[in-house]
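Asker: My structure file model-v4.csv, CSV, C-alpha atoms and all ligand atoms, is below:
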```csv
chain,number,residue,atom,x,y,z
A,11,MET,CA,0.0,0.0,0.0
A,12,SER,CA,1.4,3.4,-0.8
A,13,ALA,CA,0.8,6.1,1.8
A,14,SER,CA,-2.2,8.4,1.3
A,15,ASP,CA,-1.8,12.2,1.0
A,16,LEU,CA,-3.0,12.6,4.5
A,17,ALA,CA,-0.3,10.3,5.8
A,18,LEU,CA,2.5,12.3,4.2
A,19,ILE,CA,4.0,15.2,6.2
A,20,PRO,CA,6.8,17.5,4.9
A,21,PHE,CA,10.1,16.9,6.6
A,22,VAL,CA,13.0,19.3,6.4
A,23,SER,CA,16.3,17.5,6.9
A,24,VAL,CA,19.6,19.1,7.8
A,25,GLN,CA,20.6,18.7,4.1
A,26,ASN,CA,17.5,20.5,2.9
A,27,MET,CA,17.9,23.2,5.6
A,28,MET,CA,21.5,23.9,4.4
A,29,ARG,CA,20.3,24.0,0.7
A,30,LEU,CA,17.6,26.5,1.7
A,31,ILE,CA,20.0,28.7,3.5
A,32,LEU,CA,22.5,28.6,0.7
A,33,GLU,CA,19.9,29.5,-1.9
A,34,ILE,CA,18.4,32.4,0.1
A,35,GLY,CA,21.5,33.5,2.0
A,36,THR,CA,22.0,33.3,5.8
A,37,GLU,CA,21.4,37.0,6.3
A,38,THR,CA,18.1,37.0,4.4
A,39,CYS,CA,16.9,33.9,6.4
A,40,ILE,CA,17.7,35.7,9.6
A,41,ALA,CA,16.0,38.9,8.5
A,42,GLU,CA,12.9,37.0,7.4
A,43,ILE,CA,12.7,35.1,10.6
A,44,GLU,CA,13.1,38.3,12.5
A,45,THR,CA,9.9,39.6,10.9
A,46,TYR,CA,8.0,36.5,11.8
A,47,LEU,CA,9.3,36.8,15.4
A,48,GLU,CA,8.3,40.5,15.6
A,49,GLU,CA,4.8,39.6,14.4
A,50,ASP,CA,4.5,36.9,17.1
A,51,PHE,CA,6.0,39.1,19.9
A,52,ARG,CA,3.3,41.7,19.0
A,53,ARG,CA,0.6,39.1,19.6
A,54,TRP,CA,2.3,37.6,22.6
A,55,PRO,CA,-0.8,37.5,25.0
A,56,LEU,CA,-2.8,35.2,22.8
A,57,PHE,CA,-0.2,32.4,22.9
A,58,ASP,CA,-0.3,29.4,25.3
A,59,LYS,CA,2.8,29.8,27.5
A,60,THR,CA,4.6,27.6,29.9
A,61,PRO,CA,8.2,27.4,31.1
A,62,ARG,CA,9.9,24.7,29.0
A,63,VAL,CA,9.8,21.2,30.5
A,64,ALA,CA,13.4,20.4,31.4
A,65,SER,CA,15.0,17.1,32.3
A,66,HIS,CA,18.3,17.8,34.0
A,67,SER,CA,21.2,15.4,34.3
A,68,HIS,CA,24.7,15.8,35.6
A,69,GLU,CA,26.0,16.4,32.1
A,70,GLY,CA,23.3,18.6,30.6
A,71,VAL,CA,19.6,19.1,30.0
A,72,ILE,CA,17.0,17.9,27.5
A,73,GLU,CA,14.0,20.2,27.1
A,74,LEU,CA,10.6,20.3,25.4
A,75,MET,CA,9.3,23.7,24.4
A,76,PRO,CA,5.6,23.8,23.4
A,77,THR,CA,3.3,26.7,22.5
A,78,SER,CA,0.2,27.4,20.4
A,79,ASP,CA,-1.5,30.5,18.9
A,80,GLY,CA,-4.8,28.7,18.8
A,81,ILE,CA,-4.5,27.9,15.1
A,82,GLU,CA,-1.2,26.0,15.1
A,83,TYR,CA,0.7,24.2,17.8
A,84,GLY,CA,4.5,23.8,17.8
A,85,PHE,CA,7.1,22.2,20.0
A,86,LYS,CA,10.9,21.8,19.9
A,87,TYR,CA,13.1,19.1,21.4
A,88,VAL,CA,16.4,20.6,22.4
A,89,ASN,CA,19.4,19.6,24.5
A,90,GLY,CA,22.2,21.6,26.1
A,91,HIS,CA,25.4,19.6,26.9
A,92,PRO,CA,28.4,21.9,27.4
A,93,LYS,CA,30.7,18.8,27.8
A,94,ASN,CA,29.8,17.5,24.3
A,95,MET,CA,32.2,19.7,22.4
A,96,LYS,CA,35.4,18.1,23.8
A,97,ASP,CA,33.9,14.7,22.7
A,98,GLY,CA,33.4,16.1,19.1
A,99,LEU,CA,29.7,16.5,19.6
A,100,GLN,CA,27.6,19.6,19.5
A,101,THR,CA,26.4,21.4,22.7
A,102,VAL,CA,23.0,22.0,21.3
A,103,THR,CA,20.9,19.9,18.9
A,104,ALA,CA,17.2,20.1,18.1
A,105,PHE,CA,14.2,19.1,16.1
A,106,GLY,CA,10.6,20.2,16.1
A,107,VAL,CA,7.1,19.9,14.8
A,108,LEU,CA,4.3,22.3,13.7
A,109,ALA,CA,0.8,20.9,13.9
A,110,SER,CA,-2.8,21.9,13.2
A,111,VAL,CA,-4.8,22.7,16.4
A,112,ASP,CA,-8.0,21.9,14.5
A,113,THR,CA,-7.1,18.3,13.7
A,114,GLY,CA,-4.1,17.7,15.8
A,115,TYR,CA,-2.3,16.4,12.6
A,116,PRO,CA,1.3,17.5,12.2
A,117,LEU,CA,2.0,20.0,9.4
A,118,LEU,CA,5.8,20.0,9.4
A,119,PHE,CA,8.7,18.1,10.9
A,120,ALA,CA,12.1,19.8,10.9
A,121,GLU,CA,15.6,19.6,12.0
A,122,MET,CA,16.1,22.6,14.3
A,123,THR,CA,19.8,22.6,15.2
A,124,ILE,CA,20.5,25.0,12.4
A,125,LEU,CA,17.1,26.6,12.7
A,126,THR,CA,17.7,27.3,16.4
A,127,ALA,CA,20.9,29.1,15.5
A,128,LEU,CA,19.0,31.3,13.0
A,129,ARG,CA,16.1,32.0,15.4
A,130,THR,CA,18.4,32.7,18.4
A,131,ALA,CA,20.4,35.2,16.3
A,132,ALA,CA,17.2,36.7,14.9
A,133,THR,CA,15.8,37.1,18.5
A,134,SER,CA,19.0,38.8,19.6
A,135,ALA,CA,18.7,41.2,16.6
A,136,LEU,CA,15.1,41.9,17.4
A,137,ALA,CA,16.0,42.8,21.1
A,138,THR,CA,19.0,44.8,19.9
A,139,LYS,CA,16.9,46.7,17.4
A,140,TYR,CA,14.7,48.0,20.2
A,141,LEU,CA,17.2,48.4,23.0
A,142,ALA,CA,20.7,49.3,21.6
A,143,PRO,CA,21.9,52.9,21.9
A,144,LYS,CA,21.3,54.9,18.7
A,145,GLY,CA,24.1,54.8,16.2
A,146,ALA,CA,25.7,51.6,17.5
A,147,THR,CA,28.3,50.3,15.1
A,148,THR,CA,30.4,47.8,17.0
A,149,MET,CA,29.6,44.6,18.9
A,150,ALA,CA,31.7,42.3,21.1
A,151,MET,CA,31.0,38.6,20.6
A,152,ILE,CA,32.1,36.7,23.7
A,153,GLY,CA,31.9,32.9,23.0
A,154,ASN,CA,32.8,32.0,19.4
A,155,GLY,CA,31.1,28.6,19.2
A,156,ALA,CA,28.3,27.3,17.1
A,157,GLN,CA,26.0,30.2,17.5
A,158,ALA,CA,28.5,33.0,17.1
A,159,GLU,CA,28.6,33.7,13.4
A,160,PHE,CA,24.8,33.7,13.2
A,161,GLN,CA,24.7,36.2,16.1
A,162,ALA,CA,27.1,38.5,14.3
A,163,LEU,CA,25.4,38.3,11.0
A,164,ALA,CA,22.0,39.0,12.6
A,165,LEU,CA,23.2,42.2,14.1
A,166,LYS,CA,24.8,43.2,10.8
A,167,THR,CA,21.8,42.6,8.7
A,168,VAL,CA,19.0,43.8,11.2
A,169,CYS,CA,20.9,46.5,13.1
A,170,GLY,CA,23.6,47.7,10.7
A,171,ILE,CA,26.5,46.6,12.9
A,172,GLY,CA,29.7,46.9,11.0
A,173,THR,CA,32.4,45.7,13.4
A,174,VAL,CA,32.6,42.5,15.5
A,175,ARG,CA,35.2,42.0,18.2
A,176,LEU,CA,35.7,38.3,19.0
A,177,PHE,CA,36.8,36.6,22.2
A,178,ASP,CA,36.7,33.0,23.3
A,179,VAL,CA,38.7,31.2,26.0
A,180,ASP,CA,39.7,28.8,23.2
A,181,PRO,CA,41.6,30.8,20.5
A,182,LYS,CA,40.8,28.0,18.0
A,183,ALA,CA,37.1,29.0,18.3
A,184,THR,CA,38.0,32.6,17.6
A,185,GLU,CA,40.1,31.6,14.6
A,186,LYS,CA,37.2,29.6,13.2
A,187,CYS,CA,34.7,32.4,13.8
A,188,ALA,CA,37.0,35.0,12.2
A,189,ARG,CA,37.6,32.7,9.2
A,190,ASN,CA,33.9,32.1,8.7
A,191,LEU,CA,33.1,35.8,8.9
A,192,ALA,CA,35.8,36.9,6.5
A,193,GLY,CA,34.0,38.2,3.4
A,194,SER,CA,30.8,38.9,5.4
A,195,GLY,CA,31.4,42.6,5.0
A,196,MET,CA,32.0,43.0,8.7
A,197,THR,CA,35.3,44.2,10.1
A,198,VAL,CA,36.4,41.3,12.3
A,199,ILE,CA,38.8,41.8,15.1
A,200,LYS,CA,40.3,38.9,17.1
A,201,CYS,CA,40.9,39.8,20.8
A,202,ALA,CA,43.0,38.1,23.4
A,203,THR,CA,40.9,39.0,26.4
A,204,PRO,CA,37.2,39.8,27.1
A,205,GLU,CA,38.3,43.3,28.2
A,206,GLU,CA,39.9,43.9,24.8
A,207,ALA,CA,36.8,42.6,23.0
A,208,ILE,CA,34.4,45.0,24.7
A,209,LEU,CA,36.6,48.0,24.1
A,210,GLY,CA,34.5,50.5,22.1
A,211,ALA,CA,31.6,48.1,21.7
A,212,GLN,CA,28.1,49.5,22.2
A,213,ILE,CA,26.7,46.0,22.0
A,214,ILE,CA,28.0,43.0,23.9
A,215,THR,CA,26.7,39.5,23.2
A,216,THR,CA,27.7,36.7,25.5
A,217,CYS,CA,27.1,33.2,24.1
A,218,THR,CA,29.3,30.9,26.1
A,219,ALA,CA,28.7,27.3,27.2
A,220,ASP,CA,29.7,26.1,30.7
A,221,LYS,CA,27.6,24.2,33.2
A,222,LYS,CA,28.2,26.6,36.0
A,223,ASN,CA,27.7,30.2,37.3
A,224,ALA,CA,30.5,31.7,35.2
A,225,THR,CA,31.7,35.3,35.3
A,226,VAL,CA,32.2,36.0,31.6
A,227,LEU,CA,31.8,39.7,32.3
A,228,SER,CA,32.7,41.2,35.7
A,229,ASP,CA,31.1,44.4,36.9
A,230,ASN,CA,34.1,46.7,36.3
A,231,MET,CA,34.2,45.6,32.6
A,232,VAL,CA,30.9,47.1,31.7
A,233,GLY,CA,30.5,50.8,31.3
A,234,ALA,CA,27.2,52.8,30.9
A,235,GLY,CA,25.5,53.2,27.6
A,236,VAL,CA,25.8,49.6,26.3
A,237,HIS,CA,23.3,47.0,25.4
A,238,ILE,CA,24.1,43.4,26.4
A,239,ASN,CA,22.6,40.2,24.8
A,240,GLY,CA,23.1,37.5,27.5
A,241,ILE,CA,22.4,34.4,25.5
A,242,GLY,CA,24.5,31.6,27.0
A,243,GLY,CA,23.0,31.6,30.5
A,244,ASP,CA,19.9,29.5,30.0
A,245,CYS,CA,19.7,26.9,32.7
A,246,PRO,CA,19.5,26.7,36.5
A,247,GLY,CA,23.1,27.1,37.8
A,248,LYS,CA,24.3,28.4,34.4
A,249,THR,CA,24.9,32.1,34.1
A,250,GLU,CA,27.4,34.4,32.5
A,251,LEU,CA,27.3,37.8,34.1
A,252,HIS,CA,28.3,39.0,37.5
A,253,ARG,CA,25.1,39.8,39.5
A,254,ASP,CA,26.3,43.4,40.0
A,255,ILE,CA,25.9,44.0,36.2
A,256,VAL,CA,22.4,42.6,36.3
A,257,MET,CA,21.8,45.0,39.3
A,258,ARG,CA,22.9,48.0,37.3
A,259,SER,CA,21.0,47.0,34.2
A,260,ASP,CA,17.4,47.5,32.9
A,261,VAL,CA,16.6,43.9,32.2
A,262,PHE,CA,14.3,42.7,29.4
A,263,VAL,CA,13.1,39.1,29.1
A,264,GLU,CA,11.0,36.8,27.0
A,265,TYR,CA,8.8,34.9,29.5
A,266,PRO,CA,9.4,35.9,33.1
A,267,GLU,CA,8.2,32.6,34.6
A,268,GLN,CA,10.9,30.8,32.5
A,269,THR,CA,13.6,33.4,32.8
A,270,ARG,CA,13.5,33.6,36.6
A,271,ILE,CA,14.4,29.9,36.6
A,272,GLU,CA,17.0,29.9,33.8
A,273,GLY,CA,18.3,33.4,33.0
A,274,GLU,CA,20.8,35.8,34.5
A,275,ILE,CA,18.0,36.9,36.9
A,276,GLN,CA,18.0,33.6,38.6
A,277,GLN,CA,20.8,35.3,40.7
A,278,MET,CA,18.3,38.0,41.8
A,279,PRO,CA,15.4,38.1,44.2
A,280,GLU,CA,12.0,36.8,42.9
A,281,ASP,CA,10.7,40.4,42.6
A,282,PHE,CA,13.7,41.8,40.8
A,283,PRO,CA,12.1,44.2,38.2
A,284,ILE,CA,12.1,43.1,34.6
A,285,THR,CA,10.3,44.2,31.5
A,286,GLU,CA,8.8,41.8,29.0
A,287,LEU,CA,10.3,42.4,25.6
A,288,TRP,CA,7.0,42.1,23.8
A,289,GLN,CA,5.6,45.1,25.7
A,290,VAL,CA,8.4,47.3,24.4
A,291,MET,CA,7.4,46.3,20.9
A,292,THR,CA,3.8,47.1,21.4
A,293,GLY,CA,4.7,50.4,23.0
A,294,ASP,CA,3.2,49.4,26.4
A,295,LYS,CA,6.6,49.7,28.2
A,296,PRO,CA,9.6,51.8,27.6
A,297,GLY,CA,12.8,50.3,26.2
A,298,ARG,CA,16.0,52.3,26.2
A,299,THR,CA,15.4,55.8,27.6
A,300,ASP,CA,19.0,57.1,27.8
A,301,ASP,CA,21.7,56.4,25.2
A,302,ALA,CA,24.6,57.5,27.5
A,303,GLN,CA,23.8,56.3,31.0
A,304,GLN,CA,21.6,53.2,30.7
A,305,ILE,CA,22.7,49.6,30.5
A,306,THR,CA,20.1,47.4,28.8
A,307,LEU,CA,20.3,43.7,29.2
A,308,PHE,CA,18.4,41.2,27.1
A,309,ASP,CA,18.4,38.2,29.4
A,310,GLY,CA,17.6,35.7,26.5
A,311,VAL,CA,17.0,32.1,27.4
A,312,GLY,CA,15.1,31.1,24.3
A,313,PHE,CA,11.3,30.7,24.5
A,314,ALA,CA,8.9,28.4,22.6
A,315,ILE,CA,7.2,31.2,20.7
A,316,GLU,CA,10.5,31.9,19.0
A,317,ASP,CA,10.7,28.4,17.7
A,318,PHE,CA,7.1,28.6,16.7
A,319,SER,CA,7.9,31.7,14.6
A,320,ALA,CA,10.9,29.9,13.0
A,321,LEU,CA,8.7,26.9,12.2
A,322,ARG,CA,6.1,29.1,10.6
A,323,TRP,CA,8.7,30.7,8.5
A,324,LEU,CA,10.1,27.3,7.5
A,325,ARG,CA,6.6,26.0,6.7
A,326,ASP,CA,6.0,28.9,4.4
A,327,LYS,CA,9.4,28.3,2.7
A,328,VAL,CA,8.7,24.7,1.9
A,329,SER,CA,5.0,25.2,1.0
A,330,GLN,CA,5.8,24.8,-2.7
A,331,GLY,CA,7.3,21.3,-2.0
A,332,ARG,CA,10.9,22.4,-2.3
A,333,PHE,CA,13.6,21.9,0.4
A,334,CYS,CA,11.6,19.0,2.0
A,335,HIS,CA,10.6,15.4,1.4
A,336,MET,CA,7.4,13.8,2.4
A,337,LEU,CA,7.4,11.3,5.4
A,338,ASP,CA,4.8,8.6,5.9
A,339,MET,CA,4.1,9.8,9.5
A,340,VAL,CA,0.3,9.6,10.1
A,341,ALA,CA,-1.6,6.4,10.0
A,342,ASP,CA,-4.6,7.0,7.7
A,343,PRO,CA,-7.0,4.0,7.6
A,344,ASP,CA,-9.9,4.1,5.1
A,345,ASP,CA,-12.2,3.8,8.1
A,346,PRO,CA,-10.8,6.0,10.9
A,347,ARG,CA,-12.0,3.5,13.5
A,348,ASP,CA,-10.4,0.5,11.7
A,349,LEU,CA,-6.7,1.0,12.6
A,350,PHE,CA,-6.4,-2.7,13.4
A,351,GLY,CA,-7.9,-3.7,10.1
A,352,MET,CA,-5.4,-1.4,8.3
A,353,VAL,CA,-2.6,-3.4,9.9
A,354,GLN,CA,-4.2,-6.7,8.9
A,355,ARG,CA,-4.7,-5.7,5.3
A,356,GLU,CA,-1.1,-4.7,5.1
A,357,ARG,CA,-0.2,-8.3,6.1
A,358,GLU,CA,-2.4,-9.6,3.3
A,359,ARG,CA,-0.9,-7.2,0.9
A,360,MET,CA,2.6,-8.2,1.9
A,361,SER,CA,1.9,-11.9,1.5
A,362,THR,CA,0.5,-11.5,-2.0
A,363,ALA,CA,3.2,-9.0,-3.1
A,401,LIG,N1,19.2,31.8,24.6
A,401,LIG,C1,19.0,31.0,23.6
A,401,LIG,O1,18.0,31.0,23.0
A,401,LIG,C2,20.1,30.0,23.2
A,401,LIG,C3,19.9,29.3,22.0
A,401,LIG,C4,21.0,28.4,21.7
A,401,LIG,C5,22.0,28.2,22.5
A,401,LIG,N2,22.1,28.9,23.7
A,401,LIG,C6,23.2,28.7,24.6
A,401,LIG,O2,24.3,29.5,24.1
A,401,LIG,C7,25.5,28.9,24.5
A,401,LIG,C8,26.4,28.7,23.3
A,401,LIG,O3,25.9,27.8,22.4
A,401,LIG,P1,26.8,27.2,21.3
A,401,LIG,O4,25.9,26.2,20.5
A,401,LIG,O5,27.5,28.3,20.6
A,401,LIG,O6,27.9,26.4,22.2
A,401,LIG,P2,29.4,26.0,21.7
A,401,LIG,O7,29.8,24.9,22.7
A,401,LIG,O8,29.5,25.6,20.3
A,401,LIG,O9,30.3,27.3,22.0
A,401,LIG,C9,30.5,27.9,23.2
A,401,LIG,C10,31.8,28.6,23.2
A,401,LIG,O10,31.9,29.3,24.5
A,401,LIG,C11,33.3,29.3,24.8
A,401,LIG,N3,33.5,29.6,26.2
A,401,LIG,C12,33.2,28.9,27.3
A,401,LIG,N4,33.4,29.6,28.4
A,401,LIG,C13,33.8,30.9,28.0
A,401,LIG,C14,34.2,32.1,28.7
A,401,LIG,N5,34.2,32.1,30.0
A,401,LIG,N6,34.6,33.1,28.0
A,401,LIG,C15,34.6,33.1,26.6
A,401,LIG,N7,34.3,32.0,25.9
A,401,LIG,C16,33.9,30.9,26.6
A,401,LIG,C17,33.8,27.9,24.4
A,401,LIG,O11,35.2,27.8,24.3
A,401,LIG,C18,33.0,27.7,23.1
A,401,LIG,O12,33.8,28.0,22.0
A,401,LIG,C19,25.1,27.6,25.2
A,401,LIG,O13,25.2,27.8,26.6
A,401,LIG,C20,23.7,27.3,24.8
A,401,LIG,O14,23.0,26.6,25.8
A,401,LIG,C21,21.1,29.8,24.1
```
For this file, produce the structure as structure tokens.
Answerer:
Amino acid sequence: MSASDLALIPFVSVQNMMRLILEIGTETCIAEIETYLEEDFRRWPLFDKTPRVASHSHEGVIELMPTSDGIEYGFKYVNGHPKNMKDGLQTVTAFGVLASVDTGYPLLFAEMTILTALRTAATSALATKYLAPKGATTMAMIGNGAQAEFQALALKTVCGIGTVRLFDVDPKATEKCARNLAGSGMTVIKCATPEEAILGAQIITTCTADKKNATVLSDNMVGAGVHINGIGGDCPGKTELHRDIVMRSDVFVEYPEQTRIEGEIQQMPEDFPITELWQVMTGDKPGRTDDAQQITLFDGVGFAIEDFSALRWLRDKVSQGRFCHMLDMVADPDDPRDLFGMVQRERERMSTA
């Protein structure tokens, strides 16, 4: 029996995701995802929201991230294992599903390791667009691992950043990142210390991986008038910034119930003041109010709605049947109550084949 149309669901493999990115261009992908993100941030209240479901182990975490806008439902499976890299494995891998709320049938299956890098970069760019001081030209990129190039290109394409100053505790990571960004149109400067990297930068993005409360930036390193994207602190017991920086900053978050568990603000009291990023976009709450004195911190941990936006974007990209193949994923018996009979008929079909 060949699978019916209803049984077949588009699947975007890693290979197809790479083909899509190479055809459209990384920066265009990020810029397009950023517009889907902004659309969804602006209708934030109507989404189902819950802190992600995390299964922690000594070595890392495996998380499920569900949400719905009432029409479609999405979830992502993602891990975070900082020790993986030294074993030749990635710190973060992911896949996800978009489904119809009306029928519960899946609409799309996708690799989301690369898609997560695109959406995380697009989210940083979206936050930076609203929070960075006017006229920002230079960013520091602390942590030059898998996410780093995407983060830099996102700020170039969405926010017009021209210079990126790179630092990683492992110089090989910085070499890799500089090599990959050569020809991007950005001025790329390799730095030997985090202090050197943040020199003259109006935007500081930290995207490091360590399973501990690290101090990637200490208080005396951060002057007034900067915007920080703190991306790597995204788990209980895993932060990047000294708490005094958080104390001096106006902090913007995705979903407070999740960020208070996972973000930089896990170091702060439960009632530490924060602003939800979506409210800045709708104009309900102020973002940056002073270019010279204020430190803004986007305490980004990654929220399910961002993956939902990315999956929506991807679904629209593959709607013409390109960059995907069809998987036989949904059992589709002729009589919906006769699932058992469908299996039996397959046995008969196999024995006569
Ligand atoms: N907020 C989000 O939405 C989101 C999304 C994806 C990944 N992440 C997080 O971002 C982090 C980076 O992810 P990745 O896939 O790039 O990981 P990765 O392992 O590929 O890269 C991390 C880099 O950080 C460097 N590093 C570690 N400690 C450092 C320090 N103190 N100073 C400077 N560099 C340091 C490592 O040498 C490595 O090159 C992870 O912690 C991951 O969980 C967050």
Asker: Find the residues of chain A that sit at most 7 Å from ligand LIG 401 (chain A); for each, write down the nearest two atoms and how far apart they are in Å, to one decimal. Count only C-alpha atoms and all ligand atoms. Sort by chain, then by number going up, and give it as CSV.
Answerer:
```
residue,atom,partner,partner_atom,distance
A:Gly90,CA,A:LIG401,O14,5.1
A:Pro92,CA,A:LIG401,O7,5.7
A:Met95,CA,A:LIG401,O7,5.7
A:Gln100,CA,A:LIG401,O8,6.3
A:Thr101,CA,A:LIG401,O7,4.9
A:Val102,CA,A:LIG401,O4,5.2
A:Thr126,CA,A:LIG401,C4,6.3
A:Ala127,CA,A:LIG401,C4,6.2
A:Thr130,CA,A:LIG401,O1,4.9
A:Ile152,CA,A:LIG401,C15,5.3
A:Gly153,CA,A:LIG401,N7,3.9
A:Asn154,CA,A:LIG401,O12,4.9
A:Gly155,CA,A:LIG401,O9,3.2
A:Ala156,CA,A:LIG401,O5,3.7
A:Gln157,CA,A:LIG401,O5,3.9
A:Ala158,CA,A:LIG401,O5,5.9
A:Phe177,CA,A:LIG401,C15,6.0
A:Asp178,CA,A:LIG401,N7,3.7
A:Val179,CA,A:LIG401,N7,4.5
A:Asp180,CA,A:LIG401,O11,4.7
A:Ala183,CA,A:LIG401,O12,5.1
A:Cys217,CA,A:LIG401,C7,4.6
A:Thr218,CA,A:LIG401,O10,3.4
A:Ala219,CA,A:LIG401,O13,3.6
A:Asp220,CA,A:LIG401,N4,5.6
A:Ala224,CA,A:LIG401,N5,6.4
A:Thr225,CA,A:LIG401,N5,6.7
A:Val226,CA,A:LIG401,N5,4.7
A:Ile241,CA,A:LIG401,N1,4.2
A:Gly242,CA,A:LIG401,O2,3.6
A:Gly243,CA,A:LIG401,O13,5.9
A:Asp244,CA,A:LIG401,N1,5.9
A:Gly310,CA,A:LIG401,N1,4.6
A:Val311,CA,A:LIG401,N1,3.6
A:Gly312,CA,A:LIG401,O1,3.2
A:Phe313,CA,A:LIG401,O1,6.9
```
Asker: When distances are computed from all atoms listed in the file, which of A:Leu125, A:Cys245, A:Ala135, A:Leu176 shows the smallest separation from A:His66?
Answerer: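 Smallest separation from A:His66 among the options: A:Cys245.
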Asker: Grab the atom CA of A:Ala13 to atom CA of A:Gly80 distance for me, in Å with one decimal place.
Answerer: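 Taking atom CA of A:Ala13 and atom CA of A:Gly80, their separation equals 28.8 Å.
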Asker: Have a look at A:Val22, A:Tyr265, A:Arg253, A:Arg355 and name the one nearest to A:Pro279; count all atoms listed in the file.
Answerer: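 Looking only at the distances to A:Pro279, the closest residue turns out to be A:Arg253.
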Asker: Counting only C-alpha atoms, figure out which residue out of A:Phe282, A:Gly195, A:Leu99, A:Val71 gets nearest to A:Lys248.
Answerer: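 Selected residue with least distance to A:Lys248: A:Val71.
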Asker: With distances taken over all atoms listed in the file, which residue among A:Ser259, A:Thr103, A:Thr77, A:Asn230 lies nearest A:Leu141?
Answerer: A:Ser259
Asker: Pick the closest to A:Gln304 from A:His237, A:Arg332, A:Arg322, A:Lys144: which is it, counting only C-alpha atoms?
Answerer: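 Among A:His237, A:Arg332, A:Arg322, A:Lys144, it is A:His237 that comes nearest to A:Gln304.
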Asker: Quote the spacing between atom CA of A:Arg258 and atom CA of A:Val236 in Å to one decimal place.
Answerer: 11.5 Å
Asker: At a cut-off of 10 Å, using all atoms listed in the file, what residues contact A:Asn190? Leave out same-chain residues fewer than 5 positions from it and give the result as a list of chain:residue names.
Answerer: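 Counting only the stated atoms, we get A:Glu159, A:Thr184, A:Glu185.
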Asker: Using all atoms listed in the file, pick whichever of A:Ser67, A:Ser78, A:Thr36, A:Gln276 has the shortest atom-to-atom distance to A:Ala162.
Answerer: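 Nearest to A:Ala162: A:Thr36.
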Asker: Extract, using only C-alpha atoms, all DNA, RNA and protein residues at most 7 Å from A:Met339, discarding same-chain residues fewer than 2 positions from it, and format them as a PyMOL selection string.
Answerer: chain A and resi 17-19+337+341
Asker: Which residues, written as number ranges by chain, have at least one atom at most 10 Å from A:Tyr140, with all atoms listed in the file counted and residues fewer than 5 positions away on the same chain left out?
Answerer: A: 135, 169, 287, 290-291, 296-298
Asker: Output the selection as a tab-separated table (two decimals), in the coordinates of the input - C-alpha atoms for each residue.
Answerer:
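Output file selection_13.tsv is given in full below:
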```
chain	number	residue	atom	x	y	z
A	135	ALA	CA	18.70	41.20	16.60
A	169	CYS	CA	20.90	46.50	13.10
A	287	LEU	CA	10.30	42.40	25.60
A	290	VAL	CA	8.40	47.30	24.40
A	291	MET	CA	7.40	46.30	20.90
A	296	PRO	CA	9.60	51.80	27.60
A	297	GLY	CA	12.80	50.30	26.20
A	298	ARG	CA	16.00	52.30	26.20
```
Asker: Please compute the atom CA of A:Trp54-atom CA of A:Leu117 distance, one decimal, in Å.
Answerer: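 So the two atoms, atom CA of A:Trp54 and atom CA of A:Leu117, lie 22.0 Å apart.
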Asker: Neighbours of stretch 37-44 of chain A within 7 Å (all atoms listed in the file; same-chain residues fewer than 3 positions away dropped), as a ChimeraX atom specification?
Answerer: /A:31,34,47-48,128-129,132-133,136,163-164,167-168,320,323
Asker: Kindly save the residues from that selection, with C-alpha atoms included, as an mmCIF file, in the frame of the given file.
Answerer:
```
data_model
loop_
_atom_site.group_PDB
_atom_site.id
_atom_site.type_symbol
_atom_site.label_atom_id
_atom_site.label_comp_id
_atom_site.auth_asym_id
_atom_site.auth_seq_id
_atom_site.Cartn_x
_atom_site.Cartn_y
_atom_site.Cartn_z
ATOM 1 C CA ILE A 31 20.000 28.700 3.500
ATOM 2 C CA ILE A 34 18.400 32.400 0.100
ATOM 3 C CA LEU A 47 9.300 36.800 15.400
ATOM 4 C CA GLU A 48 8.300 40.500 15.600
ATOM 5 C CA LEU A 128 19.000 31.300 13.000
ATOM 6 C CA ARG A 129 16.100 32.000 15.400
ATOM 7 C CA ALA A 132 17.200 36.700 14.900
ATOM 8 C CA THR A 133 15.800 37.100 18.500
ATOM 9 C CA LEU A 136 15.100 41.900 17.400
ATOM 10 C CA LEU A 163 25.400 38.300 11.000
ATOM 11 C CA ALA A 164 22.000 39.000 12.600
ATOM 12 C CA THR A 167 21.800 42.600 8.700
ATOM 13 C CA VAL A 168 19.000 43.800 11.200
ATOM 14 C CA ALA A 320 10.900 29.900 13.000
ATOM 15 C CA TRP A 323 8.700 30.700 8.500
#
```
Asker: Using all atoms listed in the file, determine which residues lie at most 10 Å from A:Pro181, disregarding the query and same-chain residues fewer than 6 positions distant; provide the list as a list in words.
Answerer: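 Selected residues are Asn154, Cys187, Lys200, Cys201 and Ala202 of chain A.
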